[in-house]
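K.L.:
Provided herewith is a single structure, encoded as C-alpha cells, for subsequent inquiry.
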Amino acid sequence: MAEVPEPTAATALTVIDAHCHLEARDYPDVEAVLERSRTAGLVHAVVVGQLLKPGDFGRALELAAAHPGLLTATLGIHPHDAAEATAADFERLEATCALPEVAAVGETGLDYFYDRSPRPVQADAFRRQCRLAVRLGKPLVVHVRDAHADCLAVLTDEGVTRGVIHCFTGDAAAAAGYLALGMHVSISGTVTYKKTEALHEAVRQVPLDRLLVETDCPYLSPVPHRGKRNEPGYVVETAKKVAELKGLAPEALALAAARNTVALFGLRVALP
C-alpha cells in the first residue's frame, strides 16, 4: 500500500477516520467527498465493507484499490444482515479477509436495539467472525448496541484481544470491560450531541492510547453538521470534542488517535 502524501490544504488537524461506509447508494459523488475530506485534514480512512444482500459485499475493496494511499478496506457481516447471509457469503468472507489488503474482519457484533436478525443468529455470525479474526491474526471491528454484556462474553469466550468497539456509545463500565480485553474504543459524532453525559465520562476514562475517532458515515454527522449526510472529513469535529473532554489540544488528540489507528490496522500512512 502506497504511503499517503501530506494533506493538500493547510489544516490544524491531521485525522484518520477509523470507520466509514462509502457505498454508491449514499455517495454517487464519492470522489468529490474524498477531495473535501482531504482538504479538511483527512489523511486516511478505514472503509468498511459489509453484506448488502446475499452475494454482494459492496464496493469497499474496489474503492480502497482505487485509492490505496487514502483508503483501507475491511469486510464483515453486520448483525442486521446475519439472517440473510448464506454459506457462500461466509466462504467468500473468509477467503477475502485472508487477503493482505483487507486490514480487519468486520464489522460484526450484536444489535439488540433493532433486532433485525434473531439474536441466536447474530451470535453465531459474530462468533464465526471472531474465530476468523483470531485465526488470521487480524483485528476485529465490533458493532454493539444494547448488548454489552453478551458482546463482552462472546469476545472473551472466543479469545479476541485485538480490535475496536466502533461507534462506542456505552458508559465507563462497558468501556472498562472492553479495555481489559485489549480492545480499542472508537468514538463517533454522537459524542457531540446533547444528553450524552455517560459517553462523555467514558471518553474521559479511556486511555489516550486506546482511543480512535470515526464518522460511521453516512450516519451520525457531528455537530455542526447534524442533519446532513456525514462525510469522512467531518471526523475533525469529533476529534475536537474528544480533545475537549480529555483536556488536550485538538491537534494532539487527533494525532494520537491517528497513530492508534495506524498501529491497530497496520496502515502505511505517513504521520507527523
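Residue numbering restarts at 1 for every chain of the C-alpha cells, chains are lettered A, B, ... in their displayed order, and ligands are numbered from 1 as they appear.
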Restrict the calculation to only C-alpha atoms, then for each residue of range 48-149 of chain A with any atom at most 12 Å from an atom of range 36-41 of chain A give the closest atom pair and their distance in Å to one decimal, rows by chain and rising residue number, as a tab-separated table.
P.N.:
residue	atom	partner	partner_atom	distance
A:Gly69	CA	A:Arg38	CA	11.4
A:Leu70	CA	A:Arg38	CA	8.8
A:Leu71	CA	A:Arg38	CA	11.4
K.L.:
Taking 4 positions as the minimum chain separation for residues in the same chain, which residues sit within 12 Å of Arg259 in chain A when counting only C-alpha atoms? Answer as number ranges by chain.
P.N.:
A: 14-18, 43-44, 208-213, 252-255, 263-272
K.L.:
Using only C-alpha atoms for the distances, tell me which of A:Gln50, A:Ser117, A:Thr72, A:Thr192 is nearest to Arg92 in chain A.
P.N.:
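Using only C-alpha atoms, the shortest distance to Arg92 in chain A belongs to A:Gln50.
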K.L.:
Write down as a PyMOL selection string the residues belonging to range 102-200 of chain A that are assigned alpha helix (DSSP H) by DSSP computed on the backbone.
P.N.:
chain A and resi 119-136+148-157+172-181+197-200
K.L.:
Give me a file of those residues, with C-alpha atoms, as a short mmCIF file (atom, residue, chain, number, x, y, z; two decimals), in the first residue's frame.
P.N.:
data_model
loop_
_atom_site.label_atom_id
_atom_site.label_comp_id
_atom_site.auth_asym_id
_atom_site.auth_seq_id
_atom_site.Cartn_x
_atom_site.Cartn_y
_atom_site.Cartn_z
CA ARG A 119 -30.31 -12.93 18.48
CA PRO A 120 -29.04 -16.52 18.20
CA VAL A 121 -28.30 -15.89 14.50
CA GLN A 122 -26.47 -12.69 15.36
CA ALA A 123 -24.42 -14.52 17.96
CA ASP A 124 -23.49 -17.33 15.57
CA ALA A 125 -22.33 -14.89 12.88
CA PHE A 126 -20.44 -12.88 15.48
CA ARG A 127 -18.65 -15.93 16.85
CA ARG A 128 -17.71 -17.13 13.37
CA GLN A 129 -16.12 -13.77 12.60
CA CYS A 130 -14.37 -13.64 15.96
CA ARG A 131 -12.78 -17.00 15.15
CA LEU A 132 -11.85 -15.81 11.68
CA ALA A 133 -10.10 -12.72 13.04
CA VAL A 134 -8.18 -14.76 15.61
CA ARG A 135 -7.20 -17.34 13.00
CA LEU A 136 -5.99 -14.68 10.56
CA HIS A 148 -22.61 -5.01 26.07
CA ALA A 149 -22.73 -7.93 28.50
CA ASP A 150 -23.32 -10.51 25.77
CA CYS A 151 -20.79 -8.87 23.46
CA LEU A 152 -18.10 -8.93 26.13
CA ALA A 153 -18.91 -12.57 26.89
CA VAL A 154 -18.53 -13.59 23.24
CA LEU A 155 -15.25 -11.71 22.82
CA THR A 156 -13.93 -13.33 25.98
CA ASP A 157 -15.07 -16.81 25.00
CA ALA A 172 -17.41 3.91 31.51
CA ALA A 173 -18.11 0.45 32.94
CA ALA A 174 -18.77 -1.01 29.50
CA ALA A 175 -15.64 0.63 28.13
CA ALA A 176 -13.58 -0.79 31.00
CA GLY A 177 -14.67 -4.32 30.13
CA TYR A 178 -13.54 -4.00 26.53
CA LEU A 179 -10.30 -2.28 27.51
CA ALA A 180 -9.47 -5.13 29.89
CA LEU A 181 -9.54 -7.50 26.90
CA GLU A 197 -23.07 12.56 29.60
CA ALA A 198 -22.40 8.86 30.21
CA LEU A 199 -20.47 8.66 26.95
CA HIS A 200 -18.56 11.81 27.88
#
K.L.:
Taking into account only C-alpha atoms, which residue in the set A:Thr96, A:Gln205, A:Thr215, A:Thr86 is nearest to Ile187 in chain A?
P.N.:
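Once distances to Ile187 in chain A are computed over only C-alpha atoms, the minimum belongs to A:Thr215.
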K.L.:
Residues within 9 Å of His80 in chain A, please, as a list in words. Count only C-alpha atoms; anything in the same chain fewer than 3 positions from it doesn't count.
P.N.:
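Selected residues are Ile77, Ala83, Glu84, Leu110, Asp111, Tyr114, Asp115, Arg116, Ser117 and Gln122 of chain A.
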K.L.:
Include N, CA and C atoms and write out the residues we just selected as a CSV table (one decimal), in the first residue's frame.
P.N.:
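Once everything was written out, this is again19.csv:
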chain,number,residue,atom,x,y,z
A,77,ILE,N,-19.9,-9.2,8.1
A,77,ILE,CA,-21.3,-9.4,8.1
A,77,ILE,C,-21.9,-8.8,9.3
A,83,ALA,N,-29.0,-12.8,9.3
A,83,ALA,CA,-30.0,-13.8,8.9
A,83,ALA,C,-30.1,-14.0,7.4
A,84,GLU,N,-29.6,-13.0,6.6
A,84,GLU,CA,-29.6,-13.0,5.2
A,84,GLU,C,-28.3,-13.7,4.6
A,110,LEU,N,-23.3,-7.5,17.8
A,110,LEU,CA,-24.7,-7.8,18.3
A,110,LEU,C,-25.4,-6.5,18.4
A,111,ASP,N,-26.7,-6.5,17.9
A,111,ASP,CA,-27.5,-5.3,18.0
A,111,ASP,C,-28.9,-5.7,18.5
A,114,TYR,N,-32.3,-2.9,17.5
A,114,TYR,CA,-33.1,-3.1,16.3
A,114,TYR,C,-33.6,-4.6,16.1
A,115,ASP,N,-32.7,-5.5,16.5
A,115,ASP,CA,-33.0,-6.9,16.4
A,115,ASP,C,-33.5,-7.3,15.0
A,116,ARG,N,-32.8,-6.9,14.0
A,116,ARG,CA,-33.2,-7.2,12.6
A,116,ARG,C,-32.9,-8.6,12.2
A,117,SER,N,-32.0,-9.2,13.0
A,117,SER,CA,-31.8,-10.7,12.8
A,117,SER,C,-32.0,-11.3,14.2
A,122,GLN,N,-27.5,-13.7,15.2
A,122,GLN,CA,-26.5,-12.7,15.4
A,122,GLN,C,-25.3,-13.3,16.1
K.L.:
At what distance in Å, to one decimal, does CA of Val235 in chain A lie from CA of His184 in chain A?
P.N.:
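Straight-line distance from CA of His184 in chain A to CA of Val235 in chain A works out to 17.2 Å.
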K.L.:
Taking the DSSP assignment computed from this structure's backbone, write out as a VMD selection string all residues of range 32-105 of chain A that belong to strand (DSSP E or B).
P.N.:
chain A and resid 42 to 50 53 56 71 to 76 102 to 105
K.L.:
Excluding Ser188 in chain A and its own-chain neighbours fewer than 2 positions away, which residues fall within 12 Å of it when counting only C-alpha atoms? Please give them as a VMD selection string.
P.N.:
chain A and resid 17 to 20 165 to 170 185 to 186 190 to 193 196 199 to 200 203 211 to 223 230 to 232 234 to 242
K.L.:
If you count only C-alpha atoms, which residues fall within 12 Å of Thr74 in chain A, apart from same-chain ones fewer than 6 positions away, as a PyMOL selection string?
P.N.:
chain A and resi 18-21+45-51+57-64+93-94+96-108+133+138-142+163+265+267
K.L.:
Once you have the residues from the selection above, write them out as an mmCIF file, in the first residue's frame, restricted to C-alpha atoms.
P.N.:
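Writing the result to part_32.cif gives the following:
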data_model
loop_
_atom_site.group_PDB
_atom_site.id
_atom_site.type_symbol
_atom_site.label_atom_id
_atom_site.label_comp_id
_atom_site.auth_asym_id
_atom_site.auth_seq_id
_atom_site.Cartn_x
_atom_site.Cartn_y
_atom_site.Cartn_z
ATOM 1 C CA ALA A 18 -11.349 4.819 11.732
ATOM 2 C CA HIS A 19 -14.724 3.679 10.352
ATOM 3 C CA CYS A 20 -16.740 4.855 7.364
ATOM 4 C CA HIS A 21 -19.137 3.480 4.757
ATOM 5 C CA ALA A 45 -9.915 6.342 6.286
ATOM 6 C CA VAL A 46 -10.872 2.761 7.060
ATOM 7 C CA VAL A 47 -13.742 1.953 4.699
ATOM 8 C CA VAL A 48 -15.957 -0.856 5.939
ATOM 9 C CA GLY A 49 -17.404 -3.385 3.546
ATOM 10 C CA GLN A 50 -20.451 -5.297 4.663
ATOM 11 C CA LEU A 51 -23.044 -7.611 3.202
ATOM 12 C CA PHE A 57 -20.428 -7.055 -0.118
ATOM 13 C CA GLY A 58 -20.480 -3.583 -1.640
ATOM 14 C CA ARG A 59 -17.605 -1.566 -3.035
ATOM 15 C CA ALA A 60 -15.225 -1.046 -0.104
ATOM 16 C CA LEU A 61 -12.485 -3.203 -1.618
ATOM 17 C CA GLU A 62 -12.919 -1.557 -5.001
ATOM 18 C CA LEU A 63 -12.640 1.928 -3.518
ATOM 19 C CA ALA A 64 -9.598 1.018 -1.439
ATOM 20 C CA LEU A 93 -15.845 -13.517 3.606
ATOM 21 C CA GLU A 94 -13.209 -15.940 4.859
ATOM 22 C CA THR A 96 -11.429 -12.234 1.135
ATOM 23 C CA CYS A 97 -10.426 -11.376 4.696
ATOM 24 C CA ALA A 98 -7.355 -13.556 4.219
ATOM 25 C CA LEU A 99 -6.094 -11.170 1.519
ATOM 26 C CA PRO A 100 -3.293 -8.864 2.692
ATOM 27 C CA GLU A 101 -5.111 -5.756 1.516
ATOM 28 C CA VAL A 102 -8.033 -6.413 3.885
ATOM 29 C CA ALA A 103 -6.995 -4.915 7.200
ATOM 30 C CA ALA A 104 -9.621 -6.364 9.532
ATOM 31 C CA VAL A 105 -12.651 -8.599 9.935
ATOM 32 C CA GLY A 106 -15.968 -6.809 10.423
ATOM 33 C CA GLU A 107 -17.943 -5.026 11.251
ATOM 34 C CA THR A 108 -19.729 -7.755 13.129
ATOM 35 C CA ALA A 133 -10.096 -12.720 13.038
ATOM 36 C CA LYS A 138 -6.269 -9.527 12.195
ATOM 37 C CA PRO A 139 -8.204 -7.010 14.286
ATOM 38 C CA LEU A 140 -11.953 -7.346 14.723
ATOM 39 C CA VAL A 141 -14.333 -4.426 14.118
ATOM 40 C CA VAL A 142 -17.243 -4.747 16.542
ATOM 41 C CA GLY A 163 -9.826 -4.944 17.676
ATOM 42 C CA PHE A 265 -4.905 -1.746 11.432
ATOM 43 C CA LEU A 267 -1.790 1.128 7.937
#
K.L.:
Calculated over only C-alpha atoms, which of the candidates A:Gly189, A:Val206, A:Pro68, A:Gly159 has the smallest distance to Asp171 in chain A?
P.N.:
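Among the listed residues, A:Val206 lies closest to Asp171 in chain A.
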K.L.:
Mind pulling up the distance from CA of Pro79 in chain A to CA of Arg145 in chain A?
P.N.:
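Taking CA of Arg145 in chain A and CA of Pro79 in chain A, their separation equals 10.2 Å.
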